[in-house]
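Structure data follow from query-v4.txt (compact mmCIF, C-alpha atoms):
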```
# COMPACT_ATOMS: atom_id res chain seq x y z
CA MET A 292 46.11 7.87 -34.54
CA HIS A 293 42.52 8.60 -35.61
CA ARG A 294 39.66 6.70 -37.19
CA GLY A 295 38.96 7.56 -40.85
CA ARG A 296 40.71 7.74 -44.20
CA GLY A 297 44.35 8.77 -44.39
CA SER A 298 47.07 9.11 -46.97
CA GLY A 299 50.83 9.40 -47.07
CA GLY A 300 53.80 8.35 -49.11
CA ARG A 301 56.23 11.28 -49.21
CA LEU A 302 59.76 9.92 -48.89
CA HIS A 303 62.66 12.28 -48.05
CA LEU A 304 66.03 11.14 -49.37
CA ARG A 305 69.56 12.36 -48.69
CA LEU A 306 72.19 10.86 -50.94
CA ARG A 307 75.96 11.25 -50.86
CA GLY A 308 77.66 11.88 -54.18
CA PRO A 309 79.89 9.26 -55.81
CA LEU A 310 83.06 11.14 -54.87
CA GLY A 311 81.91 11.76 -51.31
CA LEU A 312 82.26 15.52 -51.75
CA GLY A 313 78.61 16.52 -51.28
CA TRP A 314 75.08 15.49 -50.42
CA ARG A 315 71.93 15.66 -52.49
CA GLN A 316 68.54 16.03 -50.84
CA LEU A 317 65.26 15.27 -52.64
CA ARG A 318 61.68 14.12 -52.15
CA ARG A 319 59.93 11.17 -53.76
CA GLU A 320 56.12 10.91 -53.86
CA LEU A 321 54.93 7.32 -53.35
CA PRO A 322 51.26 7.86 -52.47
CA TRP A 323 49.23 5.32 -50.52
CA GLN A 324 45.80 5.29 -48.89
CA VAL A 325 44.74 3.73 -45.60
CA VAL A 326 41.44 3.32 -43.73
CA VAL A 327 41.55 3.27 -39.93
CA TYR A 328 38.51 1.33 -38.71
CA PRO A 329 36.59 1.75 -35.45
CA ASN A 330 37.62 -0.32 -32.47
CA LEU A 331 36.04 -3.78 -32.37
CA VAL A 332 38.15 -5.08 -29.49
CA GLY A 333 35.97 -7.03 -27.09
CA ALA A 334 33.27 -8.00 -29.57
CA SER A 335 34.98 -11.36 -30.06
CA LEU A 336 34.12 -12.21 -26.45
CA TRP A 337 30.48 -12.33 -27.53
CA SER A 338 31.37 -14.77 -30.29
CA LEU A 339 32.43 -17.69 -28.09
CA PRO A 340 30.64 -20.80 -29.40
CA THR A 341 28.61 -21.47 -26.26
CA GLN A 342 27.51 -17.86 -25.87
CA ALA A 343 26.78 -17.49 -29.57
CA GLN A 344 24.61 -20.59 -29.46
CA ARG A 345 22.68 -19.30 -26.44
CA ARG A 346 22.14 -15.95 -28.16
CA ARG A 347 20.85 -17.63 -31.30
CA GLU A 348 18.37 -19.57 -29.20
CA ALA A 349 17.25 -16.48 -27.26
CA GLY A 350 14.22 -15.04 -29.01
CA PHE A 351 14.50 -17.50 -31.90
CA ARG A 352 12.08 -20.22 -30.83
CA THR A 353 9.50 -20.82 -33.53
CA ILE A 354 6.14 -20.63 -31.77
CA ARG A 355 2.95 -21.33 -33.67
CA ARG A 356 0.21 -18.87 -32.74
CA ILE A 357 -3.14 -18.76 -34.47
CA GLY A 358 -3.62 -15.30 -35.92
CA GLU A 359 -0.44 -13.91 -34.37
CA GLY A 360 3.17 -13.67 -35.32
CA ARG A 361 4.64 -12.05 -38.39
CA MET A 362 5.32 -14.83 -40.92
CA PHE A 363 2.65 -16.89 -42.72
CA GLU A 364 2.95 -20.57 -41.91
CA SER A 365 -0.07 -22.44 -43.33
CA LEU A 366 -3.85 -22.60 -43.77
CA LYS A 367 -6.24 -24.55 -41.55
CA GLU A 368 -9.96 -24.91 -41.13
CA TRP A 369 -11.34 -22.16 -38.94
CA VAL A 370 -12.81 -23.28 -35.60
CA PRO A 371 -15.62 -21.29 -33.93
CA GLY A 372 -14.17 -19.24 -31.09
CA GLU A 373 -10.97 -18.31 -32.94
CA ASP A 374 -10.26 -14.74 -33.98
CA THR A 375 -12.27 -13.92 -37.11
CA ARG A 376 -9.39 -11.72 -38.33
CA THR A 377 -7.48 -14.87 -39.22
CA ILE A 378 -10.07 -15.96 -41.80
CA ASP A 379 -8.72 -16.06 -45.35
CA TRP A 380 -11.78 -15.25 -47.44
CA LYS A 381 -10.17 -16.11 -50.79
CA ALA A 382 -9.19 -19.57 -49.55
CA THR A 383 -12.66 -19.93 -48.04
CA ALA A 384 -14.28 -19.20 -51.41
CA ARG A 385 -12.01 -21.66 -53.22
CA ARG A 386 -12.49 -24.56 -50.79
CA GLY A 387 -16.09 -24.04 -49.83
CA LYS A 388 -15.35 -23.99 -46.11
CA VAL A 389 -14.07 -21.37 -43.71
CA MET A 390 -10.27 -21.33 -43.77
CA ALA A 391 -7.95 -19.46 -41.40
CA ARG A 392 -4.35 -18.36 -41.68
CA GLN A 393 -1.73 -19.59 -39.22
CA TYR A 394 1.38 -17.58 -38.45
CA GLU A 395 4.62 -18.26 -36.67
CA ASP A 396 7.11 -15.91 -35.08
CA GLU A 397 9.72 -14.79 -37.57
CA ARG A 398 13.23 -15.99 -36.80
CA ARG A 399 15.15 -13.19 -38.44
CA GLN A 400 14.37 -9.67 -37.33
CA GLN A 401 15.70 -6.36 -38.54
CA VAL A 402 17.95 -3.94 -36.65
CA LEU A 403 18.39 -0.40 -37.96
CA ILE A 404 21.18 1.66 -36.41
CA VAL A 405 20.60 5.42 -36.71
CA ILE A 406 23.38 7.81 -35.64
CA ASP A 407 22.85 11.52 -35.07
CA ALA A 408 26.21 13.02 -36.10
CA GLY A 409 25.07 16.59 -35.42
CA ARG A 410 26.27 18.99 -32.77
CA MET A 411 24.98 17.00 -29.79
CA LEU A 412 27.70 14.35 -30.09
CA THR A 413 30.64 16.49 -31.23
CA ALA A 414 31.79 17.37 -27.70
CA GLU A 415 34.32 15.36 -25.69
CA SER A 416 33.68 13.40 -22.52
CA VAL A 417 36.62 12.43 -20.29
CA GLY A 418 39.04 13.34 -23.07
CA ARG A 419 37.30 11.30 -25.75
CA SER A 420 34.82 12.31 -28.44
CA ARG A 421 31.27 11.26 -27.62
CA LEU A 422 30.79 10.36 -31.27
CA GLU A 423 33.62 7.83 -31.02
CA ALA A 424 31.84 6.13 -28.11
CA VAL A 425 28.64 6.02 -30.18
CA ILE A 426 30.40 4.56 -33.23
CA GLU A 427 32.03 1.87 -31.09
CA ALA A 428 28.67 0.98 -29.48
CA ALA A 429 26.96 0.90 -32.88
CA LEU A 430 29.62 -1.42 -34.26
CA HIS A 431 29.29 -3.79 -31.30
CA LEU A 432 25.51 -3.78 -31.76
CA ALA A 433 25.91 -4.59 -35.47
CA HIS A 434 28.30 -7.41 -34.58
CA SER A 435 25.81 -8.84 -32.08
CA ALA A 436 22.93 -8.57 -34.59
CA VAL A 437 24.96 -10.47 -37.18
CA GLU A 438 25.72 -13.16 -34.59
CA HIS A 439 21.96 -13.41 -33.99
CA ASP A 440 21.48 -13.82 -37.75
CA ASP A 441 19.40 -10.62 -37.85
CA ASN A 442 19.41 -8.15 -40.72
CA VAL A 443 21.32 -4.98 -39.85
CA GLY A 444 21.31 -1.58 -41.55
CA LEU A 445 22.81 1.84 -40.84
CA LEU A 446 21.80 5.48 -41.30
CA VAL A 447 24.10 8.37 -40.33
CA PHE A 448 22.84 11.94 -40.59
CA ALA A 449 23.39 15.51 -39.44
CA ASP A 450 21.86 18.35 -41.44
CA GLN A 451 21.69 15.81 -44.29
CA VAL A 452 22.13 12.07 -44.69
CA GLN A 453 25.81 11.10 -44.67
CA GLN A 454 25.71 7.31 -44.87
CA TRP A 455 23.06 4.70 -45.72
CA VAL A 456 23.63 0.96 -45.59
CA PRO A 457 20.53 -1.08 -46.54
CA PRO A 458 19.59 -3.86 -44.10
CA ALA A 459 21.33 -7.13 -44.87
CA ARG A 460 22.61 -10.17 -43.00
CA GLY A 461 25.88 -11.94 -42.44
CA ARG A 462 29.49 -10.88 -42.48
CA ARG A 463 29.07 -8.82 -45.61
CA ALA A 464 26.53 -6.66 -43.83
CA LEU A 465 28.91 -6.19 -40.91
CA ARG A 466 31.71 -5.23 -43.29
CA ALA A 467 29.46 -2.69 -45.00
CA VAL A 468 28.58 -1.13 -41.64
CA LEU A 469 32.26 -1.13 -40.65
CA ASP A 470 33.27 0.62 -43.87
CA ALA A 471 30.57 3.25 -43.41
CA LEU A 472 31.42 3.95 -39.76
CA ALA A 473 35.11 4.35 -40.58
CA THR A 474 34.49 7.66 -42.33
CA VAL A 475 31.75 9.18 -40.17
CA GLU A 476 32.51 12.68 -38.91
CA GLY A 477 30.53 14.90 -36.57
CA LYS A 478 29.33 18.31 -37.73
CA LEU A 479 28.56 21.41 -35.68
CA VAL A 480 25.10 21.76 -37.19
CA GLU A 481 21.54 21.25 -36.04
CA PRO A 482 20.41 17.73 -37.03
CA ASN A 483 17.55 17.55 -39.54
CA TYR A 484 15.36 14.87 -37.94
CA PRO A 485 12.36 15.17 -40.32
CA ALA A 486 14.54 14.74 -43.43
CA ALA A 487 16.49 11.83 -41.91
CA PHE A 488 13.41 9.87 -40.82
CA ALA A 489 11.63 10.57 -44.11
CA TYR A 490 14.70 9.16 -45.89
CA LEU A 491 14.58 6.10 -43.61
CA ALA A 492 10.84 5.55 -44.10
CA ALA A 493 11.18 5.71 -47.89
CA ARG A 494 13.85 3.01 -47.91
CA ASN A 495 12.65 0.64 -45.23
CA ARG A 496 9.08 -0.47 -44.59
CA LYS A 497 9.72 -3.71 -42.74
CA ARG A 498 9.26 -3.78 -38.98
CA ALA A 499 12.56 -3.13 -37.22
CA LEU A 500 14.24 -2.36 -33.95
CA THR A 501 15.37 1.20 -34.71
CA VAL A 502 18.24 2.18 -32.41
CA LEU A 503 18.90 5.93 -32.45
CA PHE A 504 22.15 7.19 -30.92
CA THR A 505 21.72 10.83 -29.91
CA ASP A 506 21.45 13.10 -26.89
CA VAL A 507 18.94 15.58 -25.46
CA ILE A 508 19.18 18.78 -23.49
CA ASP A 509 15.61 19.69 -22.57
CA ARG A 510 12.06 19.02 -23.68
CA THR A 511 11.86 22.06 -25.97
CA ALA A 512 15.12 21.36 -27.81
CA SER A 513 14.23 17.69 -28.26
CA GLU A 514 10.66 18.22 -29.49
CA ALA A 515 11.53 17.52 -33.14
CA LEU A 516 13.48 14.41 -32.13
CA VAL A 517 10.66 13.05 -29.97
CA ALA A 518 8.05 13.69 -32.66
CA GLN A 519 10.01 11.84 -35.32
CA VAL A 520 11.05 8.88 -33.17
CA GLY A 521 7.57 8.57 -31.67
CA ALA A 522 6.11 8.33 -35.19
CA LEU A 523 7.90 4.98 -35.60
CA ARG A 524 5.43 3.36 -33.23
CA PRO A 525 3.56 1.05 -33.33
CA ARG A 526 4.97 -0.44 -36.55
CA HIS A 527 8.58 -0.30 -35.34
CA VAL A 528 10.32 -0.61 -31.97
CA PRO A 529 12.20 2.67 -31.32
CA LEU A 530 15.11 2.64 -28.86
CA ALA A 531 16.82 5.96 -28.11
CA VAL A 532 20.35 5.63 -26.73
CA THR A 533 21.44 8.86 -25.03
CA LEU A 534 24.83 9.60 -23.48
CA ARG A 535 25.12 11.02 -20.00
CA GLU A 536 27.86 13.47 -19.10
CA PRO A 537 29.79 12.19 -16.03
CA ALA A 538 31.50 15.55 -15.46
CA LEU A 539 28.14 17.33 -15.30
CA GLU A 540 26.79 14.74 -12.85
CA ARG A 541 29.84 15.14 -10.61
CA LEU A 542 29.42 18.92 -10.69
CA ALA A 543 25.76 18.61 -9.71
CA THR A 544 26.61 16.56 -6.61
CA ALA A 545 29.84 18.29 -5.52
CA ARG A 546 29.96 20.32 -2.31
CA PRO A 547 30.55 23.95 -3.36
CA GLU A 548 33.41 25.74 -1.67
CA THR A 549 32.83 29.18 -3.21
CA ASP A 550 29.94 31.28 -4.49
CA ALA A 551 30.97 30.57 -8.08
CA ALA A 552 30.98 26.82 -7.38
CA ALA A 553 27.48 27.09 -5.89
CA PHE A 554 26.20 28.78 -9.04
CA GLU A 555 27.89 26.10 -11.18
CA ARG A 556 26.23 23.36 -9.16
CA ALA A 557 22.82 25.03 -9.48
CA ALA A 558 23.26 25.35 -13.25
CA ALA A 559 24.32 21.69 -13.52
CA GLU A 560 21.31 20.55 -11.48
CA GLU A 561 18.97 22.58 -13.68
CA LEU A 562 20.46 21.07 -16.84
CA LEU A 563 20.12 17.53 -15.51
CA LEU A 564 16.50 18.11 -14.44
CA SER A 565 15.62 19.51 -17.87
CA ARG A 566 17.31 16.57 -19.53
CA GLU A 567 15.49 14.05 -17.33
CA ALA A 568 12.17 15.73 -18.16
CA ALA A 569 12.93 15.30 -21.87
CA LEU A 570 13.77 11.62 -21.38
CA ALA A 571 10.58 11.12 -19.35
CA ASP A 572 8.61 12.71 -22.19
CA MET A 573 10.17 10.23 -24.61
CA ARG A 574 9.30 7.30 -22.38
CA GLY A 575 5.77 8.62 -22.02
CA ARG A 576 5.34 8.45 -25.79
CA GLY A 577 6.29 4.79 -25.89
CA ILE A 578 9.94 5.23 -26.85
CA LEU A 579 12.41 2.91 -25.15
CA VAL A 580 15.22 4.97 -23.62
CA LEU A 581 18.69 3.77 -22.65
CA ASP A 582 20.59 6.55 -20.86
CA VAL A 583 24.20 5.47 -20.32
CA PRO A 584 27.67 6.99 -19.80
CA PRO A 585 29.88 6.97 -22.91
CA ALA A 586 32.36 4.50 -21.43
CA GLY A 587 29.69 1.84 -20.88
CA ALA A 588 27.61 2.43 -24.01
CA SER A 589 28.77 -0.64 -25.95
CA ALA A 590 28.01 -3.21 -23.24
CA ALA A 591 24.72 -1.52 -22.27
CA VAL A 592 23.40 -1.40 -25.84
CA VAL A 593 24.26 -5.04 -26.58
CA ASP A 594 22.69 -6.14 -23.26
CA GLN A 595 19.51 -4.21 -24.05
CA TYR A 596 19.34 -5.77 -27.52
CA ASN A 597 19.70 -9.24 -26.03
CA ARG A 598 16.95 -8.54 -23.48
CA LEU A 599 14.57 -7.38 -26.19
CA LYS A 600 15.33 -10.51 -28.17
CA ARG A 601 14.61 -12.75 -25.21
CA ARG A 602 11.34 -10.96 -24.50
CA GLY A 603 10.26 -11.19 -28.13
CA VAL A 604 9.73 -7.44 -28.36
CA ILE A 605 11.32 -7.10 -31.79
```
Structure rendered as structure tokens:
Amino acid sequence: MHRGRGSGGRLHLRLRGPLGLGWRQLRRELPWQVVVYPNLVGASLWSLPTQAQRRREAGFRTIRRIGEGRMFESLKEWVPGEDTRTIDWKATARRGKVMARQYEDERRQQVLIVIDAGRMLTAESVGRSRLEAVIEAALHLAHSAVEHDDNVGLLVFADQVQQWVPPARGRRALRAVLDALATVEGKLVEPNYPAAFAYLAARNRKRALTVLFTDVIDRTASEALVAQVGALRPRHVPLAVTLREPALERLATARPETDAAAFERAAAEELLLSREAALADMRGRGILVLDVPPAGASAAVVDQYNRLKRRGVI
């Protein structure tokens, strides 16, 4: 019934005696363990051969750019007018003429999925845990990254780091992310953003699209979050995925019939305005923000990832 680890195996027996005069009742312990994985239904639609091929081509064209790109391609003789930052002085000294480095865009990028399992995502939305929607979206994103042949890693934290999966590629990487997400649980604690991002920085130095699943209330409460995510720039590409609350939005637009309903609407409007100010502050600091309802998080995150790939932002 629920994602996570479970166990069972208690068997209740009732046996009739050989003479049929009485019954004997006993229990037999036959323990077994089971892991209930997150829902990956629908991800296979993104794996159709024609779509998979188009996604591999999107953002994967090898383009030679003098002095740009991320992966060293070759050396060439420097031509006056080219950027002097491309000059390789060691090669110049060896060959006796000015040599420049050529780069090409790197085919395989890195996607880091970071999940805030603190108090912000422990509530329910439309009868379903917001954390479950996040885990499903994260799994679909990991599946899409593997289909793109990108490296994918995972960090889950609350007041301390709960799960860490180093970036890797292929089906093994997806299985490692799946195993880690199967046992993630939310905690009613304040998330420790500085410790989590320090942990991430110590274990990953390569440029990455860092997708953080979290939520914000107002600018003051999200100050620590914004400071830590903003510090990822310009080396990394930070994308904050926040979950809207449909019930709160309906309350803020409903016509009040009573005084109490009017006060509820005013409170809902104030909360939404404070939240939008916090998101605007994040955007102002160069953080990409994707604000989506929980039900549409999976499709929206994968679409955003594909757009960033096509634009060559990663």
Can you list every residue of segment 429-497 of chain A that has an atom at most 12 Å from segment 294-299 of chain A, with its nearest atom pair and the distance in Å to one decimal, using only C-alpha atoms, ordered by chain then number, as JSON lines?
```
{"residue": "A:Leu469", "atom": "CA", "partner": "A:Gly295", "partner_atom": "CA", "distance": 11.0}
{"residue": "A:Asp470", "atom": "CA", "partner": "A:Gly295", "partner_atom": "CA", "distance": 9.5}
{"residue": "A:Ala471", "atom": "CA", "partner": "A:Gly295", "partner_atom": "CA", "distance": 9.8}
{"residue": "A:Leu472", "atom": "CA", "partner": "A:Gly295", "partner_atom": "CA", "distance": 8.4}
{"residue": "A:Ala473", "atom": "CA", "partner": "A:Gly295", "partner_atom": "CA", "distance": 5.0}
{"residue": "A:Thr474", "atom": "CA", "partner": "A:Gly295", "partner_atom": "CA", "distance": 4.7}
{"residue": "A:Val475", "atom": "CA", "partner": "A:Gly295", "partner_atom": "CA", "distance": 7.4}
{"residue": "A:Glu476", "atom": "CA", "partner": "A:Gly295", "partner_atom": "CA", "distance": 8.5}
{"residue": "A:Gly477", "atom": "CA", "partner": "A:Gly295", "partner_atom": "CA", "distance": 12.0}
```
I need the residues from that last selection saved to file as a PDB file, in the frame of the given file (with C-alpha atoms), if you can.
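Result saved to selection.pdb:
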```pdb
ATOM      1  CA  LEU A 469      32.260  -1.130 -40.650  1.00  0.00           C
ATOM      2  CA  ASP A 470      33.270   0.620 -43.870  1.00  0.00           C
ATOM      3  CA  ALA A 471      30.570   3.250 -43.410  1.00  0.00           C
ATOM      4  CA  LEU A 472      31.420   3.950 -39.760  1.00  0.00           C
ATOM      5  CA  ALA A 473      35.110   4.350 -40.580  1.00  0.00           C
ATOM      6  CA  THR A 474      34.490   7.660 -42.330  1.00  0.00           C
ATOM      7  CA  VAL A 475      31.750   9.180 -40.170  1.00  0.00           C
ATOM      8  CA  GLU A 476      32.510  12.680 -38.910  1.00  0.00           C
ATOM      9  CA  GLY A 477      30.530  14.900 -36.570  1.00  0.00           C
TER      10      GLY A 477
END
```
Distance in Å - atom CA of Gln401 of chain A versus atom CA of Leu500 of chain A
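About the pair atom CA of Gln401 of chain A and atom CA of Leu500 of chain A: they are 6.3 Å apart.
Closest approach to Ser420 of chain A among A:Ala487, A:Arg305, A:Leu534, A:Asn495 is made by A:Leu534 (distances from all atoms listed in the file).
The interatomic distance for the pair atom CA of Ala538 of chain A and atom CA of His293 of chain A works out to 24.0 Å.
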Could you state the separation of atom CA of Arg410 of chain A and atom CA of Gln454 of chain A in Å, given to one decimal place?
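Computed distance, atom CA of Arg410 of chain A to atom CA of Gln454 of chain A, equals 16.8 Å.
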Between A:Val405, A:Leu422, A:Leu562, A:Ile605, which residue has the minimum interatomic distance to Tyr484 of chain A, considering only C-alpha atoms?
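Among A:Val405, A:Leu422, A:Leu562, A:Ile605, it is A:Val405 that comes nearest to Tyr484 of chain A.
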Would you list the residues near (23.5, 6.9, -47.0) (no more than 9 Å away, in the coordinates of the file, using all atoms listed in the file) as a list in words?
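The answer, in the requested form, is Leu445, Leu446, Val447, Phe448, Val452, Gln453, Gln454, Trp455, Val456, Pro457 and Ala471 of chain A.
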Can you pull out every residue within 8 Å of Val437 of chain A, counting all atoms listed in the file, but drop anything in the same chain fewer than 5 positions away, and send it as a PDB file with C-alpha atoms, in the coordinates of the input?
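Listing of around_8.pdb after writing:
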```
ATOM      1  CA  ASN A 442      19.410  -8.150 -40.720  1.00  0.00           C
ATOM      2  CA  VAL A 443      21.320  -4.980 -39.850  1.00  0.00           C
ATOM      3  CA  ARG A 460      22.610 -10.170 -43.000  1.00  0.00           C
ATOM      4  CA  GLY A 461      25.880 -11.940 -42.440  1.00  0.00           C
ATOM      5  CA  ARG A 462      29.490 -10.880 -42.480  1.00  0.00           C
ATOM      6  CA  ALA A 464      26.530  -6.660 -43.830  1.00  0.00           C
ATOM      7  CA  LEU A 465      28.910  -6.190 -40.910  1.00  0.00           C
TER       8      LEU A 465
END
```
12 Å contact set for Thr511 of chain A, all atoms listed in the file, chain neighbours under 5 positions out, as an mmCIF file with C-alpha atoms, in the coordinates of the input:
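Output (around-v2.cif):
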```cif
data_model
loop_
_atom_site.group_PDB
_atom_site.id
_atom_site.type_symbol
_atom_site.label_atom_id
_atom_site.label_comp_id
_atom_site.auth_asym_id
_atom_site.auth_seq_id
_atom_site.Cartn_x
_atom_site.Cartn_y
_atom_site.Cartn_z
ATOM 1 C CA LEU A 516 13.480 14.410 -32.130
ATOM 2 C CA VAL A 517 10.660 13.050 -29.970
ATOM 3 C CA ALA A 518 8.050 13.690 -32.660
ATOM 4 C CA SER A 565 15.620 19.510 -17.870
ATOM 5 C CA ARG A 566 17.310 16.570 -19.530
ATOM 6 C CA ALA A 568 12.170 15.730 -18.160
ATOM 7 C CA ALA A 569 12.930 15.300 -21.870
ATOM 8 C CA LEU A 570 13.770 11.620 -21.380
ATOM 9 C CA ASP A 572 8.610 12.710 -22.190
#
```
Exercise: Ile404 of chain A partners within 7 Å, all atoms listed in the file, chain neighbours under 5 positions left out, as a count of residues only:
7
Rebuild N, CA, C and O atoms on segment 310-330 of chain A, as a PDB file, in the frame of the given file?
```pdb
ATOM      1  N   LEU A 310      81.704  10.812 -55.321  1.00  0.00           N
ATOM      2  CA  LEU A 310      83.060  11.140 -54.870  1.00  0.00           C
ATOM      3  C   LEU A 310      83.113  11.475 -53.385  1.00  0.00           C
ATOM      4  O   LEU A 310      84.190  11.746 -52.848  1.00  0.00           O
ATOM      5  N   GLY A 311      81.951  11.464 -52.733  1.00  0.00           N
ATOM      6  CA  GLY A 311      81.910  11.760 -51.310  1.00  0.00           C
ATOM      7  C   GLY A 311      82.165  13.210 -50.977  1.00  0.00           C
ATOM      8  O   GLY A 311      82.514  13.531 -49.839  1.00  0.00           O
ATOM      9  N   LEU A 312      81.981  14.102 -51.959  1.00  0.00           N
ATOM     10  CA  LEU A 312      82.260  15.520 -51.750  1.00  0.00           C
ATOM     11  C   LEU A 312      81.008  16.335 -51.404  1.00  0.00           C
ATOM     12  O   LEU A 312      81.131  17.502 -51.033  1.00  0.00           O
ATOM     13  N   GLY A 313      79.826  15.748 -51.547  1.00  0.00           N
ATOM     14  CA  GLY A 313      78.610  16.520 -51.280  1.00  0.00           C
ATOM     15  C   GLY A 313      77.404  15.598 -51.103  1.00  0.00           C
ATOM     16  O   GLY A 313      77.484  14.385 -51.339  1.00  0.00           O
ATOM     17  N   TRP A 314      76.335  16.207 -50.642  1.00  0.00           N
ATOM     18  CA  TRP A 314      75.080  15.490 -50.420  1.00  0.00           C
ATOM     19  C   TRP A 314      73.984  16.076 -51.301  1.00  0.00           C
ATOM     20  O   TRP A 314      73.959  17.278 -51.563  1.00  0.00           O
ATOM     21  N   ARG A 315      73.081  15.230 -51.704  1.00  0.00           N
ATOM     22  CA  ARG A 315      71.930  15.660 -52.490  1.00  0.00           C
ATOM     23  C   ARG A 315      70.659  15.292 -51.730  1.00  0.00           C
ATOM     24  O   ARG A 315      70.521  14.159 -51.284  1.00  0.00           O
ATOM     25  N   GLN A 316      69.786  16.265 -51.590  1.00  0.00           N
ATOM     26  CA  GLN A 316      68.540  16.030 -50.840  1.00  0.00           C
ATOM     27  C   GLN A 316      67.357  16.192 -51.782  1.00  0.00           C
ATOM     28  O   GLN A 316      67.282  17.169 -52.536  1.00  0.00           O
ATOM     29  N   LEU A 317      66.416  15.226 -51.755  1.00  0.00           N
ATOM     30  CA  LEU A 317      65.260  15.270 -52.640  1.00  0.00           C
ATOM     31  C   LEU A 317      64.071  14.565 -51.993  1.00  0.00           C
ATOM     32  O   LEU A 317      64.214  13.895 -50.969  1.00  0.00           O
ATOM     33  N   ARG A 318      62.908  14.761 -52.615  1.00  0.00           N
ATOM     34  CA  ARG A 318      61.680  14.120 -52.150  1.00  0.00           C
ATOM     35  C   ARG A 318      61.126  13.218 -53.244  1.00  0.00           C
ATOM     36  O   ARG A 318      61.220  13.538 -54.420  1.00  0.00           O
ATOM     37  N   ARG A 319      60.542  12.108 -52.822  1.00  0.00           N
ATOM     38  CA  ARG A 319      59.930  11.170 -53.760  1.00  0.00           C
ATOM     39  C   ARG A 319      58.494  10.901 -53.311  1.00  0.00           C
ATOM     40  O   ARG A 319      58.270  10.529 -52.158  1.00  0.00           O
ATOM     41  N   GLU A 320      57.524  11.141 -54.199  1.00  0.00           N
ATOM     42  CA  GLU A 320      56.120  10.910 -53.860  1.00  0.00           C
ATOM     43  C   GLU A 320      55.747   9.467 -54.203  1.00  0.00           C
ATOM     44  O   GLU A 320      55.776   9.061 -55.374  1.00  0.00           O
ATOM     45  N   LEU A 321      55.399   8.687 -53.180  1.00  0.00           N
ATOM     46  CA  LEU A 321      54.930   7.320 -53.350  1.00  0.00           C
ATOM     47  C   LEU A 321      53.594   7.192 -52.615  1.00  0.00           C
ATOM     48  O   LEU A 321      53.523   6.655 -51.506  1.00  0.00           O
ATOM     49  N   PRO A 322      52.527   7.734 -53.205  1.00  0.00           N
ATOM     50  CA  PRO A 322      51.260   7.860 -52.470  1.00  0.00           C
ATOM     51  C   PRO A 322      50.624   6.516 -52.126  1.00  0.00           C
ATOM     52  O   PRO A 322      50.699   5.558 -52.897  1.00  0.00           O
ATOM     53  N   TRP A 323      50.012   6.471 -50.956  1.00  0.00           N
ATOM     54  CA  TRP A 323      49.230   5.320 -50.520  1.00  0.00           C
ATOM     55  C   TRP A 323      48.055   5.808 -49.692  1.00  0.00           C
ATOM     56  O   TRP A 323      48.057   6.915 -49.163  1.00  0.00           O
ATOM     57  N   GLN A 324      47.017   4.981 -49.629  1.00  0.00           N
ATOM     58  CA  GLN A 324      45.800   5.290 -48.890  1.00  0.00           C
ATOM     59  C   GLN A 324      45.599   4.230 -47.798  1.00  0.00           C
ATOM     60  O   GLN A 324      45.963   3.069 -47.974  1.00  0.00           O
ATOM     61  N   VAL A 325      45.007   4.659 -46.701  1.00  0.00           N
ATOM     62  CA  VAL A 325      44.740   3.730 -45.600  1.00  0.00           C
ATOM     63  C   VAL A 325      43.407   4.106 -44.962  1.00  0.00           C
ATOM     64  O   VAL A 325      43.029   5.283 -44.941  1.00  0.00           O
ATOM     65  N   VAL A 326      42.681   3.104 -44.475  1.00  0.00           N
ATOM     66  CA  VAL A 326      41.440   3.320 -43.730  1.00  0.00           C
ATOM     67  C   VAL A 326      41.636   2.793 -42.314  1.00  0.00           C
ATOM     68  O   VAL A 326      41.972   1.621 -42.130  1.00  0.00           O
ATOM     69  N   VAL A 327      41.456   3.672 -41.337  1.00  0.00           N
ATOM     70  CA  VAL A 327      41.550   3.270 -39.930  1.00  0.00           C
ATOM     71  C   VAL A 327      40.137   2.992 -39.446  1.00  0.00           C
ATOM     72  O   VAL A 327      39.288   3.896 -39.418  1.00  0.00           O
ATOM     73  N   TYR A 328      39.866   1.750 -39.077  1.00  0.00           N
ATOM     74  CA  TYR A 328      38.510   1.330 -38.710  1.00  0.00           C
ATOM     75  C   TYR A 328      38.233   1.566 -37.231  1.00  0.00           C
ATOM     76  O   TYR A 328      39.154   1.665 -36.425  1.00  0.00           O
ATOM     77  N   PRO A 329      36.932   1.630 -36.867  1.00  0.00           N
ATOM     78  CA  PRO A 329      36.590   1.750 -35.450  1.00  0.00           C
ATOM     79  C   PRO A 329      37.059   0.543 -34.656  1.00  0.00           C
ATOM     80  O   PRO A 329      37.319  -0.533 -35.206  1.00  0.00           O
ATOM     81  N   ASN A 330      37.115   0.712 -33.353  1.00  0.00           N
ATOM     82  CA  ASN A 330      37.620  -0.320 -32.470  1.00  0.00           C
ATOM     83  C   ASN A 330      36.570  -1.409 -32.262  1.00  0.00           C
ATOM     84  O   ASN A 330      35.452  -1.127 -31.829  1.00  0.00           O
TER      85      ASN A 330
END
```
